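structure-v9.cif follows; it contains mmCIF, C-alpha atoms and all ligand atoms.
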```cif
data_coords
#
loop_
_atom_site.label_atom_id
_atom_site.label_comp_id
_atom_site.auth_asym_id
_atom_site.auth_seq_id
_atom_site.Cartn_x
_atom_site.Cartn_y
_atom_site.Cartn_z
CA MET A 60 34.84 42.64 47.91
CA LEU A 61 35.45 40.62 44.79
CA GLN A 62 37.36 37.39 44.96
CA PRO A 63 40.68 37.56 43.09
CA ILE A 64 39.55 35.37 40.20
CA GLU A 65 36.36 37.35 39.61
CA ASP A 66 38.40 40.48 39.98
CA ALA A 67 40.89 39.32 37.35
CA ALA A 68 38.10 38.26 34.99
CA GLN A 69 36.39 41.62 35.34
CA SER A 70 39.57 43.58 34.85
CA ARG A 71 40.47 41.52 31.79
CA ALA A 72 36.99 41.95 30.33
CA GLU A 73 37.27 45.71 30.79
CA ILE A 74 40.65 45.93 29.06
CA LEU A 75 39.45 43.69 26.22
CA ALA A 76 36.37 45.91 25.82
CA ARG A 77 38.57 49.01 25.63
CA ILE A 78 40.80 47.27 23.07
CA ALA A 79 37.76 46.31 20.99
CA ALA A 80 36.31 49.82 21.15
CA SER A 81 39.58 51.44 20.06
CA ALA A 82 40.02 48.94 17.24
CA GLU A 83 36.48 49.56 16.00
CA ALA A 84 36.94 53.32 16.25
CA ALA A 85 39.99 52.93 14.03
CA GLY A 86 38.07 50.80 11.53
CA ARG A 87 39.92 47.69 12.58
CA ALA A 88 38.69 44.29 13.74
CA PRO A 89 39.15 43.75 17.53
CA ALA A 90 40.72 40.36 16.75
CA GLU A 91 43.62 42.17 15.05
CA VAL A 92 44.84 43.31 18.47
CA THR A 93 46.33 40.89 21.01
CA LEU A 94 46.43 41.68 24.71
CA GLU A 95 49.78 40.85 26.28
CA ALA A 96 49.37 40.57 30.05
CA VAL A 97 52.57 42.03 31.48
CA SER A 98 52.98 39.90 34.59
CA LYS A 99 56.44 41.11 35.66
CA GLN A 100 56.68 41.64 39.41
CA GLN A 101 53.05 40.69 39.93
CA PRO A 102 52.22 38.31 42.78
CA MET A 103 51.69 34.74 41.61
CA GLU A 104 48.09 34.67 42.84
CA ARG A 105 47.21 37.51 40.46
CA VAL A 106 48.89 35.68 37.59
CA LEU A 107 47.05 32.46 38.39
CA ALA A 108 43.77 34.37 38.62
CA MET A 109 44.44 35.89 35.18
CA LEU A 110 45.11 32.41 33.78
CA ALA A 111 41.87 31.20 35.32
CA ALA A 112 40.11 34.13 33.66
CA GLY A 113 41.26 32.78 30.30
CA GLN A 114 44.28 34.96 29.54
CA ARG A 115 46.99 33.03 27.68
CA VAL A 116 49.43 35.63 26.33
CA PHE A 117 51.84 36.83 29.00
CA ALA A 118 54.91 39.07 28.84
CA GLU A 119 57.86 39.24 31.20
CA ASN A 120 60.84 41.57 31.17
CA ARG A 121 63.44 39.42 32.95
CA VAL A 122 64.59 35.96 31.94
CA GLN A 123 65.27 34.83 35.49
CA GLU A 124 61.95 35.95 36.91
CA ALA A 125 60.15 34.45 33.94
CA ARG A 126 61.88 31.10 34.38
CA ALA A 127 61.10 30.98 38.08
CA ARG A 128 57.46 31.61 37.32
CA TRP A 129 56.77 29.80 34.08
CA ALA A 130 59.26 26.93 33.71
CA ASP A 131 56.97 24.49 35.50
CA LEU A 132 53.70 26.18 34.66
CA ARG A 133 52.79 25.57 31.06
CA PRO A 134 49.02 25.71 30.71
CA ASP A 135 47.60 24.77 27.31
CA GLY A 136 47.86 27.57 24.82
CA LEU A 137 50.30 29.65 26.84
CA GLU A 138 52.30 32.18 24.80
CA LEU A 139 55.20 33.64 26.72
CA ARG A 140 56.88 36.80 25.43
CA LEU A 141 60.10 38.52 26.49
CA ILE A 142 59.78 42.31 26.46
CA GLY A 143 62.87 43.31 28.46
CA PRO A 144 66.52 43.69 27.52
CA LEU A 145 68.30 40.41 26.83
CA GLN A 146 71.97 39.81 27.65
CA THR A 147 73.85 37.69 25.16
CA ASN A 148 74.76 35.15 27.84
CA LYS A 149 71.04 34.56 28.50
CA ALA A 150 70.16 34.05 24.83
CA GLU A 151 70.10 30.29 25.13
CA GLU A 152 67.83 30.31 28.13
CA ALA A 153 65.53 32.79 26.40
CA VAL A 154 65.29 30.58 23.32
CA LEU A 155 64.28 27.64 25.51
CA LEU A 156 61.73 29.55 27.58
CA PHE A 157 60.01 32.11 25.36
CA ASP A 158 57.68 31.77 22.39
CA VAL A 159 58.39 35.31 21.25
CA ILE A 160 61.38 37.58 21.91
CA GLU A 161 60.48 41.24 21.38
CA SER A 162 63.79 42.80 22.37
CA LEU A 163 66.15 41.82 19.56
CA ASP A 164 68.25 44.95 19.14
CA ARG A 165 71.84 44.22 18.12
CA PRO A 166 73.92 41.96 15.88
CA LYS A 167 75.74 40.24 18.72
CA LEU A 168 72.46 39.19 20.33
CA ALA A 169 71.09 38.10 16.96
CA ARG A 170 74.10 35.83 16.45
CA ALA A 171 73.71 34.32 19.93
CA LEU A 172 70.01 33.71 19.32
CA ALA A 173 70.64 32.17 15.91
CA GLU A 174 73.22 29.81 17.40
CA ALA A 175 70.95 28.83 20.27
CA MET A 176 68.07 28.21 17.87
CA ALA A 177 70.23 25.98 15.70
CA ARG A 178 71.51 24.09 18.73
CA HIS A 179 68.08 23.43 20.21
CA GLY A 180 65.90 23.22 17.13
CA ARG A 181 63.54 25.73 18.64
CA ARG A 182 62.68 28.98 16.92
CA PRO A 183 60.90 31.61 18.98
CA ARG A 184 59.36 34.35 16.85
CA LEU A 185 61.25 37.65 16.95
CA LEU A 186 60.52 41.36 17.03
CA VAL A 187 63.11 44.06 16.61
CA GLN A 188 63.05 46.68 19.34
CA VAL A 189 63.35 50.22 18.00
CA ASN A 190 64.57 53.14 20.12
CA THR A 191 62.16 55.58 18.49
CA GLY A 192 63.17 58.39 20.85
CA GLU A 193 66.88 57.71 20.30
CA GLU A 194 67.39 57.83 24.06
CA PRO A 195 71.02 57.03 24.91
CA GLN A 196 70.17 54.86 27.92
CA LYS A 197 67.42 52.89 26.20
CA ALA A 198 67.74 49.62 24.31
CA GLY A 199 66.71 49.39 20.70
CA VAL A 200 67.90 49.95 17.17
CA ALA A 201 67.90 53.59 16.02
CA PRO A 202 65.17 54.23 13.41
CA ARG A 203 67.72 54.81 10.61
CA ASP A 204 69.39 51.47 11.44
CA VAL A 205 66.25 49.34 11.21
CA GLU A 206 66.59 48.59 7.52
CA PRO A 207 70.29 47.61 7.56
CA PHE A 208 69.74 45.57 10.73
CA LEU A 209 66.89 43.62 9.11
CA GLU A 210 69.07 43.10 6.07
CA LEU A 211 71.84 41.66 8.23
CA LEU A 212 69.38 39.36 10.01
CA HIS A 213 68.03 38.05 6.73
CA THR A 214 71.18 37.60 4.72
CA GLU A 215 73.70 36.62 7.36
CA LEU A 216 71.64 34.82 10.00
CA HIS A 217 68.48 33.74 8.17
CA LEU A 218 66.36 35.29 10.87
CA ALA A 219 63.04 36.76 9.83
CA PRO A 220 61.52 38.97 12.54
CA GLU A 221 57.77 39.33 12.26
CA GLY A 222 57.59 42.90 13.48
CA LEU A 223 58.79 45.82 15.55
CA MET A 224 58.43 46.89 19.18
CA CYS A 225 58.98 50.22 20.90
CA ILE A 226 58.83 51.87 24.31
CA PRO A 227 58.36 55.62 23.76
CA PRO A 228 60.22 58.09 26.01
CA GLU A 229 58.43 58.44 29.31
CA HIS A 230 57.66 62.14 29.21
CA GLU A 231 56.83 62.59 25.55
CA GLU A 232 53.60 62.37 23.67
CA PRO A 233 53.68 58.76 22.40
CA ALA A 234 51.67 59.35 19.21
CA MET A 235 54.65 60.39 17.07
CA HIS A 236 56.59 57.33 18.27
CA PHE A 237 53.71 55.00 17.42
CA ALA A 238 53.41 56.63 14.01
CA LEU A 239 57.14 56.27 13.39
CA LEU A 240 57.16 52.59 14.39
CA ALA A 241 54.17 51.91 12.14
CA LYS A 242 55.90 53.64 9.24
CA LEU A 243 59.11 51.65 9.73
CA ALA A 244 57.18 48.37 9.86
CA ARG A 245 55.15 49.24 6.77
CA ARG A 246 58.30 50.05 4.83
CA ALA A 247 59.89 46.77 5.85
CA GLY A 248 56.72 44.80 5.13
CA LEU A 249 56.43 43.55 8.71
CA PRO A 250 52.93 42.77 10.01
CA VAL A 251 53.41 42.87 13.80
CA LEU A 252 53.56 46.06 15.87
CA SER A 253 54.02 45.77 19.64
CA MET A 254 53.32 49.19 21.15
CA GLY A 255 51.16 50.74 23.83
CA MET A 256 51.09 50.10 27.58
CA SER A 257 48.57 50.78 30.38
CA GLY A 258 48.52 54.54 29.84
CA ASP A 259 48.41 54.68 26.06
CA PHE A 260 47.32 51.38 24.53
CA GLU A 261 44.16 52.86 23.02
CA LYS A 262 46.22 55.46 21.19
CA ALA A 263 48.66 52.78 20.01
CA ILE A 264 45.76 50.83 18.52
CA ARG A 265 44.75 53.91 16.53
CA PHE A 266 48.26 53.89 15.06
CA GLY A 267 48.12 50.22 14.13
CA ALA A 268 49.31 48.25 17.18
CA THR A 269 48.71 44.52 16.78
CA HIS A 270 49.99 43.79 20.30
CA VAL A 271 49.50 45.95 23.37
CA ARG A 272 51.51 45.29 26.53
CA VAL A 273 49.34 46.00 29.54
CA GLY A 274 50.53 45.46 33.12
CA SER A 275 49.22 47.69 35.88
CA ALA A 276 45.88 48.55 34.25
CA LEU A 277 45.15 44.82 34.06
CA PHE A 278 46.64 43.40 37.28
CA GLY A 279 46.71 46.45 39.50
CA PRO A 280 49.87 48.32 40.52
CA ARG A 281 53.07 46.30 40.84
CA PRO A 282 53.80 45.90 44.54
CA GLY A 283 57.00 47.30 46.00
C1 LIG B 1 56.41 47.01 32.38
C2 LIG B 1 56.28 47.08 30.92
C3 LIG B 1 55.04 47.25 30.30
C4 LIG B 1 53.72 47.39 31.06
O1 LIG B 1 53.68 48.59 31.76
P1 LIG B 1 52.30 49.08 32.44
O2 LIG B 1 52.45 50.55 32.46
O3 LIG B 1 52.25 48.46 33.77
O4 LIG B 1 51.21 48.63 31.55
C5 LIG B 1 55.00 47.27 28.91
N1 LIG B 1 56.11 47.13 28.18
C6 LIG B 1 57.33 46.97 28.73
C7 LIG B 1 58.51 46.81 27.86
C8 LIG B 1 57.46 46.94 30.11
O5 LIG B 1 58.68 46.76 30.66
#
```

Mind turning the file's structure into C-alpha cells?
Amino acid sequence: MLQPIEDAAQSRAEILARIAASAEAAGRAPAEVTLEAVSKQQPMERVLAMLAAGQRVFAENRVQEARARWADLRPDGLELRLIGPLQTNKAEEAVLLFDVIESLDRPKLARALAEAMARHGRRPRLLVQVNTGEEPQKAGVAPRDVEPFLELLHTELHLAPEGLMCIPPEHEEPAMHFALLAKLARRAGLPVLSMGMSGDFEKAIRFGATHVRVGSALFGPRPG
C-alpha cells in the first residue's frame, strides 16, 4: 500500500503526463495547459497530500466549503479558483477568497463583483461561464449572449475577463461543446479556456483548453 503522499504524487504525475501527451499530440506545449485540482468534497488529508506533492492550483465549487478549507491555509504560490455557481450575496466573500472566479454569468453578479473589487482593492481574474448546451437548469451565458455580455462588462463595469469556461451537458459528446467554446473565445480575443474534467480533459486539450479541471481522476472518487 502506498502512503497517501506518495499516492498523491504518483496520481498527480500520471495526470500531468497525460496532459503533456495530449498537448504534444495537438502540437501544443505542455506548459500551455494548467492542471486545476478540483478539491471539492475531498477529505483534507488528500488535499494536504496533493499540496505536499507540489500542486498549487486548486478549484472549489462552493464559497463556504472553500473558506472553511483555505482561509487559514495559504501555502506559497497557492492559486484558488471558484468553479461553481456564485450567489450575488456571496460576491464579496468570493472576491476576498479566490484568485480566479470562473463562474461569472450574469450582469447582476458582475455588478456585485465590481463593487466588491472596488471596495476591497482586490481584483480576482475572471472567466465567463458559457452554457454551451443551453440547458435550462445550468448556469452560464448562452453562446449568442457572450459578445453582448463581454461588451457590457467592458464598457459599463471595466471588467476584463481573461477567458471562458464551460461544463458540457452530461450525456452529450463534449467535443462540439469544446469546439464552440474555443470558437467563442477566439472571436472575442480571449486567451484562457477552462474546459475538460476527469473523463474528457484530453479531448478538451485537443480543442485548445488552457485549464483542465480534474477532481476524481486525481484525488480518487469523492466520498459520500
Ligand atoms: C466537480 C467539478 C469538476 C471535476 O469533476 P471530476 O469529474 O471529478 O473531474 C470540474 N468542473 C466543475 C465545474 C465541477 O463542479

Which is closest to ligand LIG 1 (chain B) among A:Leu168, A:Ala72, A:Leu94, A:Leu211, if we use all atoms listed in the file?
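The closest residue to ligand LIG 1 (chain B) is A:Leu94.
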
Extract, using all atoms listed in the file, all DNA, RNA and protein residues at most 8 Å from Pro102 in chain A, discarding same-chain residues fewer than 3 positions from it, and format them as a ChimeraX atom specification.
/A:105-106,282

As lines of an AutoDock Vina configuration file, please report the centre and edge lengths, rounded to one decimal in Å, of the axis-aligned box that holds all listed atoms of range 267-272 of chain A with 4 Å of padding on each of the six sides.
```
center_x = 49.8
center_y = 47.0
center_z = 20.3
size_x = 11.4
size_y = 14.4
size_z = 20.4
```

For range 227-234 of chain A, find every residue with an atom within 8 Å (counting all atoms listed in the file), except residues of its own chain fewer than 6 positions away, and show them as a PDB file with C-alpha atoms, in the coordinates of the input.
```pdb
ATOM      1  CA  ASN A 190      64.570  53.140  20.120  1.00  0.00           C
ATOM      2  CA  THR A 191      62.160  55.580  18.490  1.00  0.00           C
ATOM      3  CA  GLY A 192      63.170  58.390  20.850  1.00  0.00           C
ATOM      4  CA  GLU A 194      67.390  57.830  24.060  1.00  0.00           C
ATOM      5  CA  ASP A 259      48.410  54.680  26.060  1.00  0.00           C
ATOM      6  CA  LYS A 262      46.220  55.460  21.190  1.00  0.00           C
ATOM      7  CA  ALA A 263      48.660  52.780  20.010  1.00  0.00           C
ATOM      8  CA  PHE A 266      48.260  53.890  15.060  1.00  0.00           C
TER       9      PHE A 266
END
```

For ligand LIG 1 (chain B), collect every residue having any atom at a distance of at most 12 Å from a ligand atom (counting all atoms listed in the file); output as a CSV table (one decimal) with C-alpha atoms, in the coordinates of the input.
```csv
chain,number,residue,atom,x,y,z
A,74,ILE,CA,40.6,45.9,29.1
A,94,LEU,CA,46.4,41.7,24.7
A,95,GLU,CA,49.8,40.8,26.3
A,96,ALA,CA,49.4,40.6,30.0
A,97,VAL,CA,52.6,42.0,31.5
A,98,SER,CA,53.0,39.9,34.6
A,99,LYS,CA,56.4,41.1,35.7
A,100,GLN,CA,56.7,41.6,39.4
A,101,GLN,CA,53.0,40.7,39.9
A,117,PHE,CA,51.8,36.8,29.0
A,118,ALA,CA,54.9,39.1,28.8
A,119,GLU,CA,57.9,39.2,31.2
A,120,ASN,CA,60.8,41.6,31.2
A,121,ARG,CA,63.4,39.4,33.0
A,140,ARG,CA,56.9,36.8,25.4
A,141,LEU,CA,60.1,38.5,26.5
A,142,ILE,CA,59.8,42.3,26.5
A,143,GLY,CA,62.9,43.3,28.5
A,144,PRO,CA,66.5,43.7,27.5
A,145,LEU,CA,68.3,40.4,26.8
A,160,ILE,CA,61.4,37.6,21.9
A,161,GLU,CA,60.5,41.2,21.4
A,162,SER,CA,63.8,42.8,22.4
A,188,GLN,CA,63.0,46.7,19.3
A,189,VAL,CA,63.4,50.2,18.0
A,190,ASN,CA,64.6,53.1,20.1
A,197,LYS,CA,67.4,52.9,26.2
A,198,ALA,CA,67.7,49.6,24.3
A,199,GLY,CA,66.7,49.4,20.7
A,224,MET,CA,58.4,46.9,19.2
A,225,CYS,CA,59.0,50.2,20.9
A,226,ILE,CA,58.8,51.9,24.3
A,227,PRO,CA,58.4,55.6,23.8
A,228,PRO,CA,60.2,58.1,26.0
A,229,GLU,CA,58.4,58.4,29.3
A,253,SER,CA,54.0,45.8,19.6
A,254,MET,CA,53.3,49.2,21.2
A,255,GLY,CA,51.2,50.7,23.8
A,256,MET,CA,51.1,50.1,27.6
A,257,SER,CA,48.6,50.8,30.4
A,258,GLY,CA,48.5,54.5,29.8
A,259,ASP,CA,48.4,54.7,26.1
A,260,PHE,CA,47.3,51.4,24.5
A,261,GLU,CA,44.2,52.9,23.0
A,270,HIS,CA,50.0,43.8,20.3
A,271,VAL,CA,49.5,46.0,23.4
A,272,ARG,CA,51.5,45.3,26.5
A,273,VAL,CA,49.3,46.0,29.5
A,274,GLY,CA,50.5,45.5,33.1
A,275,SER,CA,49.2,47.7,35.9
A,276,ALA,CA,45.9,48.6,34.2
A,277,LEU,CA,45.2,44.8,34.1
A,278,PHE,CA,46.6,43.4,37.3
A,279,GLY,CA,46.7,46.4,39.5
A,280,PRO,CA,49.9,48.3,40.5
A,281,ARG,CA,53.1,46.3,40.8
A,282,PRO,CA,53.8,45.9,44.5
```

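The smallest atom-to-atom distance between Leu212 in chain A and any of A:Ala111, A:Ala169, A:Leu155, A:Ala68, using only C-alpha atoms, is found for A:Ala169.
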
Which distance in Å separates CA of Leu223 in chain A and CA of Leu209 in chain A, to one decimal?
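If I compute the distance from CA of Leu223 in chain A to CA of Leu209 in chain A, I get 10.6 Å.
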
With only C-alpha atoms as the counted atoms, please give the residues lying no more than 12 Å from Leu218 in chain A, apart from itself and same-chain residues fewer than 4 positions off, as a PyMOL selection string.
chain A and resi 163+166+168-174+176-177+182-187+208-214+222

Of the candidates A:Leu249, A:Arg71, A:Phe157, A:Glu91, which one gets nearest to Leu110 in chain A if we count all atoms listed in the file?
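Nearest to Leu110 in chain A: A:Arg71.
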
Residues near Ala85 in chain A, cut-off 9 Å, only C-alpha atoms, skip fewer than 5 positions along chain, as a ChimeraX atom specification:
/A:80,264-267

At what distance in Å, to one decimal, does CA of Gly248 in chain A lie from CA of Arg87 in chain A?
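Pair CA of Arg87 in chain A / CA of Gly248 in chain A returns 18.6 Å.
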
Atomic separation - CA of Gly283 in chain A relative to CA of Ala127 in chain A, Å
18.6 Å

Counting all atoms listed in the file, the residue of A:Asp204, A:Leu132, A:Gly113, A:Val92 that sits nearest Pro250 in chain A
A:Val92

I'd like to know which of A:Ala82, A:Ala67, A:Ala76, A:Ala153 is closest to Gln114 in chain A, using only C-alpha atoms.
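Smallest distance to Gln114 in chain A is found for A:Ala67.
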
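Using only C-alpha atoms, the shortest contact distance between Ala125 in chain A and any of A:Asp164, A:Leu139, A:Pro207, A:Arg178 is found at A:Leu139.
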
How would range 225-236 of chain A read, as a short mmCIF file (atom, residue, chain, number, x, y, z; two decimals), in the coordinates of the input, once all heavy atoms are built in?
```cif
data_model
loop_
_atom_site.label_atom_id
_atom_site.label_comp_id
_atom_site.auth_asym_id
_atom_site.auth_seq_id
_atom_site.Cartn_x
_atom_site.Cartn_y
_atom_site.Cartn_z
N CYS A 225 58.34 49.02 20.35
CA CYS A 225 58.98 50.22 20.90
C CYS A 225 58.42 50.57 22.28
O CYS A 225 57.32 50.15 22.65
CB CYS A 225 58.83 51.43 19.96
SG CYS A 225 57.21 52.22 19.98
N ILE A 226 59.24 51.28 23.03
CA ILE A 226 58.83 51.87 24.31
C ILE A 226 59.13 53.37 24.19
O ILE A 226 60.28 53.78 24.28
CB ILE A 226 59.65 51.30 25.48
CG1 ILE A 226 59.63 49.77 25.46
CG2 ILE A 226 59.13 51.84 26.81
CD1 ILE A 226 60.65 49.13 26.42
N PRO A 227 58.11 54.19 23.95
CA PRO A 227 58.36 55.62 23.76
C PRO A 227 58.96 56.25 25.02
O PRO A 227 58.78 55.74 26.12
CB PRO A 227 56.96 56.20 23.50
CG PRO A 227 56.12 55.05 23.10
CD PRO A 227 56.69 53.86 23.81
N PRO A 228 59.68 57.38 24.85
CA PRO A 228 60.22 58.09 26.01
C PRO A 228 59.10 58.43 27.00
O PRO A 228 57.98 58.76 26.59
CB PRO A 228 60.79 59.37 25.39
CG PRO A 228 61.03 59.05 23.96
CD PRO A 228 60.00 58.03 23.58
N GLU A 229 59.45 58.34 28.27
CA GLU A 229 58.43 58.44 29.31
C GLU A 229 57.65 59.76 29.30
O GLU A 229 56.45 59.77 29.54
CB GLU A 229 59.11 58.26 30.67
CG GLU A 229 58.23 57.56 31.67
CD GLU A 229 59.03 57.11 32.89
OE1 GLU A 229 60.17 56.62 32.71
OE2 GLU A 229 58.54 57.28 34.01
N HIS A 230 58.34 60.86 29.05
CA HIS A 230 57.66 62.14 29.21
C HIS A 230 57.35 62.82 27.88
O HIS A 230 57.23 64.03 27.80
CB HIS A 230 58.48 63.07 30.11
CG HIS A 230 58.68 62.47 31.47
ND1 HIS A 230 57.65 62.24 32.36
CD2 HIS A 230 59.79 61.98 32.08
CE1 HIS A 230 58.12 61.68 33.45
NE2 HIS A 230 59.41 61.50 33.31
N GLU A 231 57.20 62.02 26.84
CA GLU A 231 56.83 62.59 25.55
C GLU A 231 55.50 62.04 25.11
O GLU A 231 55.08 60.96 25.49
CB GLU A 231 57.89 62.21 24.48
CG GLU A 231 59.09 63.14 24.49
CD GLU A 231 60.10 62.76 23.40
OE1 GLU A 231 59.68 62.31 22.32
OE2 GLU A 231 61.30 62.93 23.66
N GLU A 232 54.82 62.82 24.30
CA GLU A 232 53.60 62.37 23.67
C GLU A 232 53.94 61.12 22.81
O GLU A 232 54.80 61.20 21.94
CB GLU A 232 53.07 63.52 22.80
CG GLU A 232 52.03 63.14 21.76
CD GLU A 232 50.83 62.45 22.35
OE1 GLU A 232 50.33 62.88 23.41
OE2 GLU A 232 50.38 61.46 21.76
N PRO A 233 53.28 59.99 23.10
CA PRO A 233 53.68 58.76 22.40
C PRO A 233 53.23 58.68 20.94
O PRO A 233 53.79 57.88 20.17
CB PRO A 233 53.01 57.66 23.21
CG PRO A 233 51.86 58.31 23.89
CD PRO A 233 52.25 59.74 24.13
N ALA A 234 52.28 59.52 20.54
CA ALA A 234 51.67 59.35 19.21
C ALA A 234 52.72 59.36 18.09
O ALA A 234 52.69 58.52 17.19
CB ALA A 234 50.64 60.46 18.96
N MET A 235 53.67 60.31 18.16
CA MET A 235 54.65 60.39 17.07
C MET A 235 55.55 59.15 17.04
O MET A 235 56.02 58.73 15.99
CB MET A 235 55.50 61.66 17.17
CG MET A 235 56.25 61.79 18.47
SD MET A 235 57.38 63.21 18.51
CE MET A 235 58.76 62.60 17.58
N HIS A 236 55.77 58.55 18.23
CA HIS A 236 56.59 57.33 18.27
C HIS A 236 55.82 56.13 17.69
O HIS A 236 56.39 55.32 16.97
CB HIS A 236 57.03 57.07 19.72
CG HIS A 236 57.89 58.18 20.25
ND1 HIS A 236 59.24 58.25 19.99
CD2 HIS A 236 57.59 59.29 20.96
CE1 HIS A 236 59.74 59.35 20.54
NE2 HIS A 236 58.75 60.00 21.13
#
```
